[in-house]
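Notes for the one structure printed next.
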2 protein chains.
Amino acid sequence: MIETESKENKPRIAVIGSGSWATALIKILTEKSVRIQWYLRKEKDIEFVKKFHHNPRYLSDISLNMRRVKPVNSIAKALKEADTVFLVTPAAFLKDTLAELTPVMLTGKTVVTAIKGMVPGESDIITDWLSKNYHVPAENLAIVAGPCHAEEVALERLSYLTIGANKESTAQNIANLLACRYIKVQTSTDLYGIELAAIMKNIVAVCSGICHGLNNGDNFQAVLISNAIEEIRRFINMAHPAERNVNQSAYLGDLLVTAYSQFSRNRTFGNMIGKGYSVIAAQMEMNMIAEGYYAVQSIYEMNLKLQVQMPILEATYQILYQKANPALTIEKLKEQLS
Amino acid sequence: MIETESKENKPRIAVIGSGSWATALIKILTEKSVRIQWYLRKEKDIEFVKKFHHNPRYLSDISLNMRRVKPVNSIAKALKEADTVFLVTPAAFLKDTLAELTPVMLTGKTVVTAIKGMVPGESDIITDWLSKNYHVPAENLAIVAGPCHAEEVALERLSYLTIGANKESTAQNIANLLACRYIKVQTSTDLYGIELAAIMKNIVAVCSGICHGLNNGDNFQAVLISNAIEEIRRFINMAHPAERNVNQSAYLGDLLVTAYSQFSRNRTFGNMIGKGYSVIAAQMEMNMIAEGYYAVQSIYEMNLKLQVQMPILEATYQILYQKANPALTIEKLKEQLS
């Protein structure tokens with residue numbers, strides 16, 4: 001294939017985020033002829049990327065195609081000419097990262113969230129939060145959903161992504177950007193359902209970790225996950241009624257890859273809680289906060305209004321936020337599962 | 001609790017089978033005051049069990065409650081006074097094991113199958129085969145379904161079983177026999193659906209092993225399993241139309257515990273095929289035949305009539321029975337998954 005790297009017709013993309021998933025998405029996006037402005041906060045990181053063509057801290061075995069990526073030190077620069085903006089920061093740092101962002105900077109752009117989680121202290125999911133705070137029109141919003149460990153993208157192992165958007169053509173445009181030899185992409189118009197499922201899978205992973213920490217085995221884990229996908233289905237269907245099959249990859253697949261991963265931070269966090277660590281001690285020990293920790297509170301609060309039967313969420317909330325005894329709480333949970 | 005071990009009112013149970021799952025079921029059953037006649041083929045094993053209260057070969061860390069278990073050397077003796085018969089042999093050896101069995105010996109008894117798989121060379125699932133060959137009335141048939149690794153029963157880790165029977169009261173009676181501190185039991189009238197799902201999960205585990213052997217990762221595995229539960233749903237709904245939710249433990253849970261198990265023989269077998277072993281070489285190396293190997297052929301043949309869209313089954317069949325190249329076949333399969 002002869003590529004014409006002419007500037008004019010190339011998709012212009014901004015990527016905000018510097019972690020594993022941001023790095024993996026840049027690898028995927030640069031399989032096509034694109035122009036990426038990559039916002040990196042630290043000048044040192046920008047210098048490193050320019051010099052060595054690797055992210056210094058995450059997935060640093062990925063060699064970046066620097067003909068297609070330009071690291072920049074401000075969001076304004078990154079967004080200036082972009083048609084499409086990928087937000088790929090941890091939810092916990094989103095507000096800080098976007099401090100310099102103004103609504104007008106996003107005007108006319110498609111905003112793709114690849115953020116897993118919810119903004120701490122906010123009761124809105126990311127797409128709603130973007131609509132409210134930055135006036136991004138509903139038809140310009142999209143989400144990238146897994147199942148997809150970034151580490152496997154680095155290895156070019158086949159992964160399937162789902163792009164959710166309110167507008168099918170928006171989803172399709174983003175899908176076209178991402179499809180490549182090792183990435184298959186499908187589209188869905190269930191933007192909100194997919195986002196909620198992506199958030200809730202982390203809650204299940206925390207709970208799964210707690211149960212593992214309490215010495216429950218694979219038999220119980222399989223029961224927990226079977227109940228969890230039904231709990232997710234009930235909640236999403238109540239929060240955003242629509243025709244959907246939660247056994248598709250973007251929902252069940254994403255849950256499986258997270259809950260069965262030994263490397264999931266959420267599962268590790270839960271495991272420590274199950275072993276008897278306090279929340280604070282587990283967070284200090286891990287030197288980071290698992291996304292699922294915030295998701296538990298956010299979904300719990302959303303459900304105060306919706307009143308969906310959610311025993312897995314309830315048990316996890318009680319353990320993390322009400323100092324309930326993990327062993328006793330999981331024993332009670334077991335009575336509610338089937 | 002003071003137990004009256006009087007002979008009269010105790011459930012009288014025959015167990016046919018000497019492997020891990022039979023041993024685990026005996027452990028579970030003897031949590032209650034029951035009389036078990038346990039058929040063991042080898043006189044040497046009977047002596048060993050009587051003397052040491054352990055199965056010499058499988059789950060030999062389980063100490064058996066010999067006040068409630070009597071090893072016997074013929075099926076006739078085992079069945080003579082039994083109300084309930086548990087069949088727990090590998091499907092591959094069922095015909096041999098039951099050689100001395102006649103229909104009249106099962107008259108009036110509830111026959112519970114805990115057999116995973118299909119009788120090689122037969123196109124009937126076990127319960128149908130029992131009906132046809134031993135005239136067991138439909139209302140006397142039941143099945144025990146997982147998710148349940150026998151090894152975790154030995155450790156008394158909480159597991160959930162589902163008893164499927166055409167007649168709810170039959171299922172309930174068996175459920176009452178099995179419920180104990182570490183076993184929760186639920187009932188279902190979807191006898192055939194549960195049995196088919198239990199068979200099909202082994203096919204998926206073989207395919208999952210093949211994909212793993214071909215270096216596909218966890219991202220793909222999650223997609224495969226999400227597609228698999230839908231394939232199972234489609235097939236069962238066509239073969240035995242009924243209201244059912246395949247995300248329940250007996251279907252999805254059983255699939256998960258098998259497909260995500262590193263210890264599954266079916267997955268190990270598939271993995272060797274994926275690595276390039278021939279079927280014969282893999283079977284010789286493993287010194288046993290994975291149940292899923294027969295299941296692939298049986299379900300494939302059932303589906304010649306039903307014509308359900310089953311890409312995972314098709315790919316696995318082509319690889320195992322038509323010498324199709326595993327790598328190329330899985331590449332084609334990937335195009336059919338979503």
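The chains in the structure tokens are called A, B, ... from first to last as shown; in each chain the residues are counted from 1, and the ligands are counted from 1 in the order shown.
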Requested in this report: Using only C-alpha atoms, find the residues of chain B whose closest atom to chain A is at most 10 Å away, then write them as a PyMOL selection string.
Outcome: chain B and resi 146-153+155-162+184-186+215-230+245-258+260-261+334-335+337-338
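The set of residues in segment 11-157 of chain A assigned to strand (DSSP E) by DSSP, using only backbone atoms of this structure, is Arg12, Ile13, Ala14, Val15, Ile16, Arg35, Ile36, Gln37, Trp38, Tyr39, Val69, Lys70, Pro71, Val72, Thr84, Val85, Phe86, Leu87, Thr110, Val111, Val112, Thr113, Leu141, Ala142, Ile143, Val144 and Ala145 of chain A.
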Only C-alpha atoms, please: the residues just picked out, written as an mmCIF file, in the first residue's frame.
```cif
data_model
loop_
_atom_site.group_PDB
_atom_site.id
_atom_site.type_symbol
_atom_site.label_atom_id
_atom_site.label_comp_id
_atom_site.auth_asym_id
_atom_site.auth_seq_id
_atom_site.Cartn_x
_atom_site.Cartn_y
_atom_site.Cartn_z
ATOM 1 C CA ARG A 12 -7.126 15.386 12.499
ATOM 2 C CA ILE A 13 -7.280 13.929 15.937
ATOM 3 C CA ALA A 14 -6.520 15.226 19.415
ATOM 4 C CA VAL A 15 -5.684 12.750 22.153
ATOM 5 C CA ILE A 16 -5.919 13.931 25.770
ATOM 6 C CA ARG A 35 -2.532 13.624 12.166
ATOM 7 C CA ILE A 36 -2.577 13.320 15.932
ATOM 8 C CA GLN A 37 -1.907 16.138 18.341
ATOM 9 C CA TRP A 38 -1.156 14.428 21.618
ATOM 10 C CA TYR A 39 -1.530 16.525 24.723
ATOM 11 C CA VAL A 69 1.906 12.003 16.182
ATOM 12 C CA LYS A 70 2.869 15.390 17.486
ATOM 13 C CA PRO A 71 3.137 15.810 21.246
ATOM 14 C CA VAL A 72 1.970 19.224 22.396
ATOM 15 C CA THR A 84 -12.122 14.469 16.677
ATOM 16 C CA VAL A 85 -11.062 14.535 20.310
ATOM 17 C CA PHE A 86 -10.270 11.391 22.283
ATOM 18 C CA LEU A 87 -10.507 11.854 26.039
ATOM 19 C CA THR A 110 -16.699 14.845 17.781
ATOM 20 C CA VAL A 111 -15.810 14.045 21.384
ATOM 21 C CA VAL A 112 -14.937 10.415 21.999
ATOM 22 C CA THR A 113 -14.635 9.286 25.568
ATOM 23 C CA LEU A 141 -20.588 12.279 21.505
ATOM 24 C CA ALA A 142 -19.149 8.799 21.246
ATOM 25 C CA ILE A 143 -17.636 6.164 23.521
ATOM 26 C CA VAL A 144 -15.001 3.500 22.928
ATOM 27 C CA ALA A 145 -15.816 0.283 24.764
#
```
Query - Within 7 Å of segment 280-288 of chain B using only C-alpha atoms, minus same-chain residues under 5 positions, as a ChimeraX atom specification - result: /B:269,272-273
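Residue nearest Glu291 of chain A, chosen from A:Lys132, A:Lys201, A:Leu40, A:Asp45 and counting only C-alpha atoms: A:Lys201.
A straight line drawn from atom CA of Phe235 of chain B to atom CA of Glu331 of chain B is 22.9 Å long.
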Test item: residues at most 7 Å from Gly270 of chain B, only C-alpha atoms, excluding those fewer than 2 positions along its chain, as a compact mmCIF listing (two decimals) with N, CA and C atoms, in the first residue's frame:
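Below is the file that was written, part-v2.txt:
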```
# COMPACT_ATOMS: atom_id res chain seq x y z
N VAL B 206 -13.18 -26.25 24.50
CA VAL B 206 -12.22 -26.75 23.51
C VAL B 206 -11.82 -25.62 22.57
N CYS B 207 -12.81 -24.90 22.07
CA CYS B 207 -12.52 -23.80 21.13
C CYS B 207 -11.68 -22.72 21.81
N SER B 208 -12.05 -22.42 23.05
CA SER B 208 -11.29 -21.43 23.82
C SER B 208 -9.84 -21.88 23.96
N GLY B 209 -9.63 -23.16 24.20
CA GLY B 209 -8.28 -23.70 24.28
C GLY B 209 -7.53 -23.59 22.96
N ILE B 210 -8.23 -23.89 21.87
CA ILE B 210 -7.60 -23.76 20.55
C ILE B 210 -7.13 -22.32 20.33
N ASN B 266 -10.99 -30.01 28.70
CA ASN B 266 -11.40 -29.61 27.36
C ASN B 266 -10.55 -28.45 26.84
N ARG B 267 -10.28 -27.51 27.74
CA ARG B 267 -9.47 -26.37 27.36
C ARG B 267 -8.03 -26.82 27.07
N THR B 268 -7.52 -27.72 27.90
CA THR B 268 -6.17 -28.24 27.70
C THR B 268 -6.05 -28.96 26.36
N MET B 272 -3.74 -27.80 23.03
CA MET B 272 -2.77 -28.62 22.31
C MET B 272 -3.05 -28.61 20.82
N ILE B 273 -4.34 -28.66 20.47
CA ILE B 273 -4.71 -28.59 19.05
C ILE B 273 -4.24 -27.25 18.46
N GLY B 274 -4.49 -26.20 19.22
CA GLY B 274 -4.08 -24.86 18.77
C GLY B 274 -2.57 -24.76 18.59
```
Query raised in the report: Where does DSSP see alpha helix (DSSP H) in segment 74-296 of chain A, if you list the residues as a PyMOL selection string?
Result: chain A and resi 75-80+94-97+126-134+150-154+168-178+191-213+218-239+254-259+265-274+279-286+291-296
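Coordinates place atom CA of Leu59 of chain B at a distance of 10.2 Å from atom CA of Ser18 of chain B.
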